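As provided, structure-v9.pdb (PDB, C-alpha atoms and all ligand atoms) reads as follows.
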ATOM      1  CA  MET I1054      31.167 -37.743  46.363
ATOM      2  CA  ILE I1055      28.845 -34.864  47.093
ATOM      3  CA  THR I1056      25.947 -34.505  49.517
ATOM      4  CA  ILE I1057      22.967 -32.249  48.875
ATOM      5  CA  ARG I1058      21.330 -30.096  51.559
ATOM      6  CA  PRO I1059      19.438 -26.767  51.718
ATOM      7  CA  PHE I1060      21.255 -23.417  51.808
ATOM      8  CA  GLN I1061      22.271 -22.002  55.164
ATOM      9  CA  ASP I1062      23.444 -18.419  55.672
ATOM     10  CA  SER I1063      26.969 -19.494  56.626
ATOM     11  CA  ASP I1064      27.359 -20.933  53.071
ATOM     12  CA  ALA I1065      27.226 -17.504  51.434
ATOM     13  CA  PRO I1066      30.975 -16.681  51.290
ATOM     14  CA  ALA I1067      31.866 -20.165  50.018
ATOM     15  CA  LEU I1068      29.118 -20.086  47.377
ATOM     16  CA  ILE I1069      30.298 -16.711  46.154
ATOM     17  CA  ALA I1070      33.747 -18.238  45.752
ATOM     18  CA  VAL I1071      32.159 -21.128  43.808
ATOM     19  CA  PHE I1072      30.351 -18.585  41.589
ATOM     20  CA  HIS I1073      33.584 -16.755  40.780
ATOM     21  CA  ARG I1074      35.590 -19.926  40.153
ATOM     22  CA  ALA I1075      32.824 -21.281  37.901
ATOM     23  CA  VAL I1076      32.710 -18.068  35.874
ATOM     24  CA  HIS I1077      36.470 -17.442  35.727
ATOM     25  CA  GLU I1078      37.653 -21.034  35.287
ATOM     26  CA  LEU I1079      34.806 -22.781  33.426
ATOM     27  CA  ALA I1080      32.774 -20.221  31.512
ATOM     28  CA  THR I1081      35.933 -18.939  29.803
ATOM     29  CA  ARG I1082      35.485 -21.929  27.507
ATOM     30  CA  ALA I1083      32.510 -20.170  25.878
ATOM     31  CA  TYR I1084      32.741 -16.468  26.781
ATOM     32  CA  GLY I1085      35.407 -13.792  26.205
ATOM     33  CA  PRO I1086      37.281 -11.752  28.844
ATOM     34  CA  GLU I1087      34.917  -8.747  28.754
ATOM     35  CA  GLN I1088      31.887 -11.016  29.027
ATOM     36  CA  ILE I1089      33.456 -12.874  31.952
ATOM     37  CA  ALA I1090      34.207  -9.548  33.679
ATOM     38  CA  VAL I1091      30.618  -8.228  33.438
ATOM     39  CA  TRP I1092      29.135 -11.605  34.405
ATOM     40  CA  SER I1093      31.420 -11.723  37.427
ATOM     41  CA  GLU I1094      30.154  -8.286  38.495
ATOM     42  CA  LEU I1095      26.625  -9.716  38.682
ATOM     43  CA  CYS I1096      27.625 -11.929  41.595
ATOM     44  CA  PRO I1097      25.532 -11.031  44.654
ATOM     45  CA  THR I1098      27.137  -9.950  47.904
ATOM     46  CA  PRO I1099      26.854 -12.448  50.792
ATOM     47  CA  GLU I1100      23.937 -10.416  52.214
ATOM     48  CA  GLN I1101      22.140 -10.351  48.855
ATOM     49  CA  LEU I1102      22.697 -14.079  48.360
ATOM     50  CA  CYS I1103      21.218 -14.827  51.803
ATOM     51  CA  GLU I1104      18.216 -12.641  51.006
ATOM     52  CA  ILE I1105      17.619 -14.373  47.652
ATOM     53  CA  MET I1106      18.138 -17.911  48.943
ATOM     54  CA  ASN I1107      15.834 -17.283  51.939
ATOM     55  CA  ASP I1108      12.967 -15.714  49.955
ATOM     56  CA  GLY I1109      10.898 -18.894  49.870
ATOM     57  CA  ARG I1110      12.552 -20.636  46.927
ATOM     58  CA  VAL I1111      13.861 -24.181  47.381
ATOM     59  CA  THR I1112      17.656 -24.299  47.598
ATOM     60  CA  PHE I1113      20.229 -27.007  47.084
ATOM     61  CA  VAL I1114      23.878 -26.869  48.133
ATOM     62  CA  ALA I1115      26.344 -29.596  47.165
ATOM     63  CA  THR I1116      29.060 -30.239  49.730
ATOM     64  CA  ASN I1117      32.179 -32.387  49.419
ATOM     65  CA  GLU I1118      33.603 -34.951  51.870
ATOM     66  CA  ASN I1119      34.979 -32.103  53.998
ATOM     67  CA  ASP I1120      31.552 -30.460  54.179
ATOM     68  CA  GLU I1121      32.730 -27.624  51.940
ATOM     69  CA  PRO I1122      30.193 -26.169  49.468
ATOM     70  CA  VAL I1123      31.145 -27.042  45.872
ATOM     71  CA  GLY I1124      27.961 -26.187  43.962
ATOM     72  CA  PHE I1125      24.486 -24.761  44.300
ATOM     73  CA  THR I1126      21.158 -24.342  42.573
ATOM     74  CA  ASP I1127      17.606 -23.253  43.389
ATOM     75  CA  VAL I1128      14.044 -23.411  42.132
ATOM     76  CA  GLU I1129      11.320 -20.804  42.559
ATOM     77  CA  ALA I1130       7.637 -21.663  43.018
ATOM     78  CA  ASP I1131       6.947 -21.135  39.307
ATOM     79  CA  GLY I1132       9.778 -23.471  38.234
ATOM     80  CA  HIS I1133      12.372 -20.800  37.474
ATOM     81  CA  ILE I1134      15.970 -21.778  38.219
ATOM     82  CA  ARG I1135      18.158 -18.753  38.938
ATOM     83  CA  PHE I1136      21.481 -20.326  39.885
ATOM     84  CA  LEU I1137      23.385 -23.379  38.705
ATOM     85  CA  TYR I1138      27.042 -23.117  39.564
ATOM     86  CA  ALA I1139      29.658 -25.780  40.194
ATOM     87  CA  SER I1140      33.224 -25.572  41.401
ATOM     88  CA  PRO I1141      35.777 -26.635  38.764
ATOM     89  CA  ASP I1142      36.635 -29.388  41.297
ATOM     90  CA  ILE I1143      33.371 -31.167  40.427
ATOM     91  CA  ALA I1144      32.354 -29.751  37.019
ATOM     92  CA  GLY I1145      32.621 -32.284  34.238
ATOM     93  CA  THR I1146      32.757 -35.235  36.660
ATOM     94  CA  GLY I1147      29.037 -36.102  36.527
ATOM     95  CA  GLN I1148      28.490 -34.967  40.114
ATOM     96  CA  VAL I1149      26.399 -31.939  39.090
ATOM     97  CA  GLN I1150      23.858 -34.543  37.989
ATOM     98  CA  THR I1151      23.230 -35.391  41.653
ATOM     99  CA  LEU I1152      22.607 -31.715  42.397
ATOM    100  CA  TYR I1153      20.171 -31.370  39.493
ATOM    101  CA  ASP I1154      18.403 -34.657  40.322
ATOM    102  CA  ALA I1155      17.650 -33.332  43.817
ATOM    103  CA  LEU I1156      16.120 -30.221  42.266
ATOM    104  CA  GLU I1157      13.981 -32.124  39.772
ATOM    105  CA  THR I1158      12.769 -34.607  42.391
ATOM    106  CA  LYS I1159      11.723 -31.756  44.693
ATOM    107  CA  ALA I1160      10.047 -29.873  41.834
ATOM    108  CA  MET I1161       7.993 -32.981  41.000
ATOM    109  CA  GLU I1162       7.016 -33.351  44.676
ATOM    110  CA  LEU I1163       5.861 -29.728  44.701
ATOM    111  CA  GLY I1164       3.772 -30.265  41.573
ATOM    112  CA  ILE I1165       5.792 -27.800  39.501
ATOM    113  CA  GLY I1166       4.765 -28.360  35.880
ATOM    114  CA  LYS I1167       7.716 -26.762  34.120
ATOM    115  CA  LEU I1168      11.325 -25.951  34.948
ATOM    116  CA  TYR I1169      12.930 -23.072  33.087
ATOM    117  CA  CYS I1170      16.010 -20.880  33.158
ATOM    118  CA  GLU I1171      18.236 -18.554  31.197
ATOM    119  CA  ALA I1172      21.171 -20.861  30.607
ATOM    120  CA  SER I1173      24.752 -20.025  29.717
ATOM    121  CA  GLU I1174      26.413 -22.020  26.928
ATOM    122  CA  LEU I1175      27.713 -24.445  29.575
ATOM    123  CA  ALA I1176      24.405 -24.714  31.413
ATOM    124  CA  LYS I1177      22.574 -25.179  28.106
ATOM    125  CA  SER I1178      24.794 -28.133  27.292
ATOM    126  CA  PHE I1179      24.136 -29.611  30.736
ATOM    127  CA  MET I1180      20.378 -28.888  30.607
ATOM    128  CA  LEU I1181      19.949 -30.483  27.188
ATOM    129  CA  LYS I1182      21.299 -33.699  28.734
ATOM    130  CA  GLN I1183      18.550 -33.368  31.381
ATOM    131  CA  GLY I1184      15.816 -33.246  28.739
ATOM    132  CA  PHE I1185      15.422 -29.476  28.488
ATOM    133  CA  SER I1186      14.708 -27.832  25.127
ATOM    134  CA  VAL I1187      15.927 -24.485  23.887
ATOM    135  CA  VAL I1188      13.104 -21.957  23.535
ATOM    136  CA  GLU I1189      15.298 -19.197  22.109
ATOM    137  CA  ARG I1190      18.764 -17.691  22.100
ATOM    138  CA  ARG I1191      18.817 -14.380  24.014
ATOM    139  CA  ASP I1192      21.309 -11.743  22.840
ATOM    140  CA  PHE I1193      21.579  -8.700  25.094
ATOM    141  CA  GLU I1194      24.077  -6.274  26.618
ATOM    142  CA  LEU I1195      25.421  -6.191  30.156
ATOM    143  CA  ARG I1196      26.972  -2.835  30.969
ATOM    144  CA  GLY I1197      27.563  -2.267  27.261
ATOM    145  CA  VAL I1198      29.093  -5.703  26.627
ATOM    146  CA  PRO I1199      27.220  -7.978  24.183
ATOM    147  CA  ILE I1200      26.556 -11.405  25.708
ATOM    148  CA  HIS I1201      24.075 -14.221  25.173
ATOM    149  CA  ASN I1202      22.327 -17.090  26.874
ATOM    150  CA  TYR I1203      19.434 -19.414  26.109
ATOM    151  CA  ALA I1204      15.894 -19.642  27.426
ATOM    152  CA  VAL I1205      15.510 -23.363  28.154
ATOM    153  CA  GLU I1206      12.620 -25.313  29.637
ATOM    154  CA  LYS I1207      11.538 -28.792  30.605
ATOM    155  CA  ARG I1208       7.967 -29.931  31.184
ATOM    156  CA  LEU I1209       7.610 -32.200  34.199
ATOM    157  CA  ARG I1210       5.096 -34.980  34.209
ATOM    158  CA  PRO I1211       2.739 -34.549  37.180
ATOM    159  CA  ARG I1212       2.812 -37.382  39.724
ATOM    160  CA  THR I1213      -0.474 -39.265  39.832
TER     161      THR I1213
HETATM  162  C1  LIG B1301      26.653 -25.248  34.360
HETATM  163  C2  LIG B1301      27.456 -26.257  35.179
HETATM  164  C3  LIG B1301      26.931 -26.306  36.614
HETATM  165  C4  LIG B1301      27.262 -27.640  34.536
HETATM  166  O1  LIG B1301      27.951 -28.635  35.267
HETATM  167  P1  LIG B1301      29.023 -29.592  34.533
HETATM  168  O2  LIG B1301      29.428 -30.646  35.464
HETATM  169  O3  LIG B1301      30.104 -28.728  33.973
HETATM  170  O4  LIG B1301      28.142 -30.167  33.347
HETATM  171  P2  LIG B1301      28.651 -30.970  32.079
HETATM  172  O5  LIG B1301      29.735 -31.913  32.461
HETATM  173  O6  LIG B1301      27.421 -31.464  31.403
HETATM  174  O7  LIG B1301      29.332 -29.843  31.182
HETATM  175  C5  LIG B1301      28.577 -28.809  30.594
HETATM  176  C6  LIG B1301      29.545 -27.976  29.751
HETATM  177  O8  LIG B1301      30.437 -27.306  30.616
HETATM  178  C7  LIG B1301      31.760 -27.304  30.033
HETATM  179  N1  LIG B1301      32.677 -27.925  30.991
HETATM  180  C8  LIG B1301      32.430 -28.965  31.807
HETATM  181  N2  LIG B1301      33.483 -29.240  32.561
HETATM  182  C9  LIG B1301      34.437 -28.343  32.207
HETATM  183  C10 LIG B1301      35.761 -28.129  32.622
HETATM  184  N3  LIG B1301      36.326 -28.886  33.583
HETATM  185  N4  LIG B1301      36.447 -27.119  32.046
HETATM  186  C11 LIG B1301      35.879 -26.346  31.094
HETATM  187  N5  LIG B1301      34.613 -26.508  30.663
HETATM  188  C12 LIG B1301      33.915 -27.507  31.201
HETATM  189  C13 LIG B1301      31.674 -27.989  28.719
HETATM  190  O9  LIG B1301      31.510 -27.016  27.710
HETATM  191  C14 LIG B1301      30.420 -28.821  28.840
HETATM  192  O10 LIG B1301      29.757 -28.985  27.634
HETATM  193  P3  LIG B1301      30.013 -30.333  26.735
HETATM  194  O11 LIG B1301      29.775 -31.496  27.661
HETATM  195  O12 LIG B1301      28.981 -30.199  25.658
HETATM  196  O13 LIG B1301      31.420 -30.213  26.271
HETATM  197  C15 LIG B1301      28.978 -25.868  35.235
HETATM  198  O14 LIG B1301      29.529 -26.048  33.940
HETATM  199  C16 LIG B1301      29.235 -24.441  35.655
HETATM  200  O15 LIG B1301      29.227 -24.110  36.837
HETATM  201  N6  LIG B1301      29.518 -23.572  34.662
HETATM  202  C17 LIG B1301      29.909 -22.184  34.898
HETATM  203  C18 LIG B1301      28.789 -21.343  35.466
HETATM  204  C19 LIG B1301      27.553 -21.354  34.608
HETATM  205  O16 LIG B1301      27.601 -21.243  33.391
HETATM  206  N7  LIG B1301      26.412 -21.444  35.288
HETATM  207  C20 LIG B1301      25.128 -21.369  34.674
HETATM  208  C21 LIG B1301      24.592 -19.988  34.776
HETATM  209  S1  LIG B1301      23.110 -19.882  33.845
END
For this file, write the structure as structure tokens.
Amino acid sequence: MITIRPFQDSDAPALIAVFHRAVHELATRAYGPEQIAVWSELCPTPEQLCEIMNDGRVTFVATNENDEPVGFTDVEADGHIRFLYASPDIAGTGQVQTLYDALETKAMELGIGKLYCEASELAKSFMLKQGFSVVERRDFELRGVPIHNYAVEKRLRPRT
């Protein structure tokens, strides 16, 4: 089982490893080798990841029984989710649900009215199960390589 806690700087190397395993071992189901290569190059350095995760957004790190990071996500003040990555050790097991539930609960507490992100094929599939809708498919190029994702969003009901 996983536990959810906020990001701490010492997580950065492990989360970068999670990012790469997620892209290279999971996303290959939906994206080709060139797409995987350019996506992988987008991974922040540990310093960049610390800067992003400490910029005021709310962060969530999933750790396993050995306290090792196995997934992470975040939400910005306007409801934008930048990261949603899971280690292949937990992907497909239902445990990412716990990570997402923590995010949605916090977003509701903060009065965020809408969650949104640019979701990969895999994230889109996961997000649709969370009640998100697809706004549009986005086709673009990354370093000359055609790739796509989906703008997805979910309206949150304000707490009364
Ligand atoms: C997005 C992610 C966190 C979702 O978590 P999850 O536990 O895999 O979620 P789900 O079990 O709902 O699976 C979502 C899709 O991922 C794929 N998937 C899940 N487990 C997989 C596995 N072990 N091997 C290959 N693909 C897998 C499937 O295509 C699945 O879609 P389906 O259920 O319609 O077949 C995770 O798949 C991930 O880290 N993916 C790679 C990185 C990524 O795309 N991040 C989003 C960036 S926008």
Output check: residues returned by the PyMOL selection byres (((not hetatm)) within 9 of (chain B and resi 1301)), as JSON, numbers by chain: {"I": [1071, 1072, 1073, 1074, 1075, 1076, 1077, 1078, 1079, 1080, 1081, 1082, 1083, 1124, 1125, 1126, 1134, 1135, 1136, 1137, 1138, 1139, 1140, 1141, 1142, 1143, 1144, 1145, 1146, 1147, 1148, 1149, 1150, 1153, 1170, 1171, 1172, 1173, 1174, 1175, 1176, 1177, 1178, 1179, 1180, 1181, 1182, 1202, 1203]}
Picked residues, the PyMOL selection byres (((chain I and resi 1187) around 9) and not hetatm), expected as number ranges by chain: I: 1177, 1181, 1185-1186, 1188-1190, 1203-1206
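Atom to atom, atom CA of I:Glu1104 and atom CA of I:Ile1069 stand 13.6 Å apart.
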Residues near I:Gln1061, cut-off 9 Å, all atoms listed in the file, skip fewer than 5 positions along chain, as a compact mmCIF listing (two decimals) with C-alpha atoms, in the frame of the given file:
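The new file around.txt reads:
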# COMPACT_ATOMS: atom_id res chain seq x y z
CA CYS I 1103 21.22 -14.83 51.80
CA MET I 1106 18.14 -17.91 48.94
CA ASN I 1107 15.83 -17.28 51.94
CA VAL I 1114 23.88 -26.87 48.13
Would you place a box with edges along x, y and z of the file around all atoms of stretch 1181-1187 of chain I listed there, add 6 Å to each of its six sides, and report the centre and edge lengths in Å to one decimal, as AutoDock Vina command-line options?
--center_x 18.0 --center_y -29.1 --center_z 27.6 --size_x 18.6 --size_y 21.2 --size_z 19.5
